[in-house]
Amino acid sequence: MKRIAVIGFGFMGVVHAKNIINSGILELCGIIDNRSGDIFAGIANTGNQGALDLPVERLRQTPVFKTLEECVNTVQPDAVVICVPLFLHYNLTKKALNLELDVLLEKPFCPKIEQCRELIKLTEEKKRLLMVAHCIRFAPQYEFLAQCIRDERYGKLRWLTTSRMGGEPTWGVWQNPKIKKTCGGSLLDLLIHDLDFVNYCFGAPADVKVNLHCDEYWEVALQYNHEAAISIKGGFLHRNTAFVAEYAATFERGSLRFCTLQPDVVHAGTDDGSQAVTVTGDGYCEELKHFADIITTRTQSPRCPPESSLQAIELCRDIRAKVE
Ligand SMILES: NC(=O)c1ccc[n+]([C@@H]2O[C@H](COP(=O)([O-])OP(=O)(O)OC[C@H]3O[C@@H](n4cnc5c(N)ncnc54)[C@H](O)[C@@H]3O)[C@@H](O)[C@H]2O)c1
């Protein structure tokens, strides 16, 4: 069983730690967080996912460290899951790779394109495995859509629109105005989920158009050398407003609709009638299973390679350039 340490025990660190414990295929051997005080206090309800149903006692038994070096010297992990604010992604990933560890790095990859490129190169040199945690690629409800696009069971895709909106985060580092400024706004923090998903389905677009941009709200149209029209919209709402993500897709012979308010159902409509397709499962758990698989088989992820996570960063750069 591969031994995993989680770096950064805020919202996503807690989610990954829980999923590692519950996975049955990975062992949580350490938690690294440089915060002072009890890092387990108040963990049950952070982030935008509601109550997390945590194995609190098991989490509390996990050794806690202030630095990665201390963790490596004491409990010798095989891999780390990095869940720190974006401005620390580059340094900590580099440090982990140089310590001969495999890395699952929370999205987005790194703020600068050169940093992403350098880490991809270092991963190859060190013969380690690096995956950026683009969980929507692994969310069964989105994978269902990706499969329908691939196998054309409803014919060819005509258009797809996705939406992702929620209150600006109120937890963790988002409370620090200086760090908040480094998180990349709604484009890099939130909409990158859909941009990466679309990139997963179709590759890099030929062109991108910003149809609407106001504060932290975006409406973006992606143009490809095929006929389907793709639009992505969303952003941050006022703090403490509910989070909702959804998609609608129309194919030659049917349409699909999904919304996180009804998380286990994808609605399909065709000339023959409507169908509520049950699609259960959790993107974070599926992504972790995939990471466990690649570090066991020692193969770079075919489903979420770091080069493609770099493309998502390039896409965000191109979108931002349109409004500057
Ligand atoms: N996949 C998703 O759906 C999703 C959702 C939210 C956040 N994220 C990503 O997860 C990452 C973390 O976001 P979050 O919301 O969990 O943040 P957070 O503020 O809740 O947690 C960050 C944690 O990192 C710790 N930390 C900071 N510097 C550190 C250091 N040098 N060493 C060790 N620990 C350190 C902080 O003390 C804090 O506990 C970001 O990259 C964010 O984009 C992903």
# chains A, B, ... in the order shown; residues from 1 in each chain; ligands from 1

$ residues_around --residues "region 28-33 of chain A" --least-positions-apart "4" --cutoff "9 Å" --atoms "only C-alpha atoms" --output "mmCIF file with C-alpha atoms, in the first residue's frame"
data_model
loop_
_atom_site.group_PDB
_atom_site.id
_atom_site.type_symbol
_atom_site.label_atom_id
_atom_site.label_comp_id
_atom_site.auth_asym_id
_atom_site.auth_seq_id
_atom_site.Cartn_x
_atom_site.Cartn_y
_atom_site.Cartn_z
ATOM 1 C CA LYS A 2 1.486 3.359 -1.065
ATOM 2 C CA ARG A 3 2.104 5.834 1.736
ATOM 3 C CA ILE A 4 0.738 9.325 1.124
ATOM 4 C CA ALA A 5 1.279 12.580 3.001
ATOM 5 C CA VAL A 6 -1.038 15.558 2.553
ATOM 6 C CA ILE A 7 0.554 19.009 2.412
ATOM 7 C CA GLY A 8 -1.817 21.815 3.456
ATOM 8 C CA PHE A 9 -4.651 20.759 5.747
ATOM 9 C CA GLY A 10 -7.286 23.317 4.724
ATOM 10 C CA GLY A 13 -6.278 18.805 2.291
ATOM 11 C CA ALA A 17 -6.974 13.051 3.744
ATOM 12 C CA LYS A 18 -10.470 11.665 4.287
ATOM 13 C CA ILE A 20 -7.072 8.470 1.389
ATOM 14 C CA ILE A 21 -8.228 6.965 4.697
ATOM 15 C CA ILE A 39 -5.141 22.037 12.805
ATOM 16 C CA LEU A 59 -7.325 11.913 11.248
ATOM 17 C CA THR A 62 -2.055 10.891 11.850
ATOM 18 C CA PRO A 63 1.427 12.342 12.514
ATOM 19 C CA VAL A 64 1.506 16.101 11.860
ATOM 20 C CA PHE A 65 4.584 17.957 10.635
ATOM 21 C CA LYS A 66 5.459 21.582 10.011
ATOM 22 C CA THR A 67 7.692 20.887 6.987
ATOM 23 C CA LEU A 68 7.947 18.370 4.159
ATOM 24 C CA GLU A 70 10.553 16.641 8.623
ATOM 25 C CA CYS A 71 7.758 14.411 7.262
ATOM 26 C CA VAL A 75 7.521 8.650 7.957
ATOM 27 C CA GLN A 76 9.020 8.197 4.436
ATOM 28 C CA PRO A 77 5.980 8.790 2.197
ATOM 29 C CA VAL A 84 -1.659 24.726 -0.529
#

$ closest_atom_pairs --of "chain A" --to "ligand 1" --cutoff "9 Å" --atoms "only C-alpha atoms and all ligand atoms" --output "CSV"
residue,atom,partner,partner_atom_place_in_ligand_line,distance
A:Val6,CA,ligand 1,33 (C),8.9
A:Ile7,CA,ligand 1,33 (C),5.3
A:Gly8,CA,ligand 1,24 (O),3.4
A:Phe9,CA,ligand 1,39 (O),4.3
A:Gly10,CA,ligand 1,21 (O),3.2
A:Phe11,CA,ligand 1,16 (O),3.7
A:Met12,CA,ligand 1,16 (O),3.7
A:Gly13,CA,ligand 1,16 (O),5.6
A:Val14,CA,ligand 1,16 (O),7.6
A:Val15,CA,ligand 1,16 (O),8.4
A:Ile31,CA,ligand 1,33 (C),8.7
A:Ile32,CA,ligand 1,33 (C),5.3
A:Asp33,CA,ligand 1,34 (N),3.6
A:Asn34,CA,ligand 1,33 (C),4.6
A:Arg35,CA,ligand 1,37 (O),4.6
A:Ser36,CA,ligand 1,37 (O),8.3
A:Ile39,CA,ligand 1,39 (O),7.4
A:Thr46,CA,ligand 1,20 (O),7.3
A:Gly47,CA,ligand 1,15 (O),6.5
A:Asn48,CA,ligand 1,5 (C),8.0
A:Phe65,CA,ligand 1,33 (C),8.6
A:Lys66,CA,ligand 1,33 (C),6.6
A:Thr67,CA,ligand 1,32 (N),6.2
A:Leu68,CA,ligand 1,32 (N),7.5
A:Ile82,CA,ligand 1,11 (C),7.4
A:Cys83,CA,ligand 1,11 (C),4.2
A:Val84,CA,ligand 1,24 (O),4.0
A:Pro85,CA,ligand 1,40 (C),4.6
A:Leu86,CA,ligand 1,41 (O),4.7
A:Phe87,CA,ligand 1,41 (O),8.3
A:Leu88,CA,ligand 1,31 (N),6.8
A:His89,CA,ligand 1,41 (O),7.1
A:Leu92,CA,ligand 1,31 (N),7.5
A:Leu105,CA,ligand 1,41 (O),7.7
A:Glu106,CA,ligand 1,10 (O),4.9
A:Lys107,CA,ligand 1,43 (O),5.2
A:Pro108,CA,ligand 1,43 (O),5.8
A:Phe109,CA,ligand 1,41 (O),8.1
A:Cys110,CA,ligand 1,41 (O),8.8
A:Ala133,CA,ligand 1,1 (N),6.3
A:His134,CA,ligand 1,1 (N),6.3
A:Cys135,CA,ligand 1,1 (N),5.6
A:Ile136,CA,ligand 1,1 (N),8.0
A:Pro169,CA,ligand 1,15 (O),7.6
A:Trp171,CA,ligand 1,20 (O),5.7
A:Gly172,CA,ligand 1,19 (O),3.3
A:Val173,CA,ligand 1,19 (O),3.8
A:Trp174,CA,ligand 1,19 (O),6.3
A:Gln175,CA,ligand 1,19 (O),8.2
A:Cys183,CA,ligand 1,43 (O),7.1
A:Gly184,CA,ligand 1,43 (O),8.8
A:Leu188,CA,ligand 1,43 (O),7.9
A:Asp189,CA,ligand 1,43 (O),5.3
A:Leu190,CA,ligand 1,5 (C),8.0
A:His193,CA,ligand 1,3 (O),7.9
A:Gly283,CA,ligand 1,1 (N),8.9
A:Tyr284,CA,ligand 1,1 (N),7.4

$ select_by_dssp --residues "region 5-245 of chain A" --states "strand (DSSP E or B)" --output "VMD selection string"
chain A and resid 5 to 7 26 to 32 64 to 65 79 to 82 102 to 106 130 to 133 153 155 157 to 167 207 to 214 217 to 223 229 to 237 244 to 245

$ closest_residue --among "A:Thr299, A:Asn19, A:Thr182, A:Asn211" --to "Asp282 (chain A)" --atoms "only C-alpha atoms"
A:Asn19

$ closest_residue --among "A:Gln147, A:Asn22, A:Asn98, A:Thr162" --to "Gly234 (chain A)" --atoms "only C-alpha atoms"
A:Thr162

$ residues_around --residues "Leu310 (chain A)" --least-positions-apart "5" --cutoff "12 Å" --atoms "only C-alpha atoms" --output "MDAnalysis selection string"
chainID A and resid 107:120 131:132 134 188 192 195:196 199:200 203:204 304:305 315:317

$ closest_residue --among "A:Thr74, A:Ser274, A:Ile43, A:Leu101" --to "Arg60 (chain A)" --atoms "only C-alpha atoms"
A:Ile43

$ select_by_dssp --residues "region 95-313 of chain A" --states "helix (DSSP H, G or I)" --output "number ranges by chain"
A: 95-98, 113-126, 135-138, 140-151, 172-175, 177-180, 185-202, 283-297, 306-313

$ closest_residue --among "A:Gly254, A:Gly281, A:Pro205, A:Gly37" --to "Glu152 (chain A)" --atoms "only C-alpha atoms"
A:Gly254
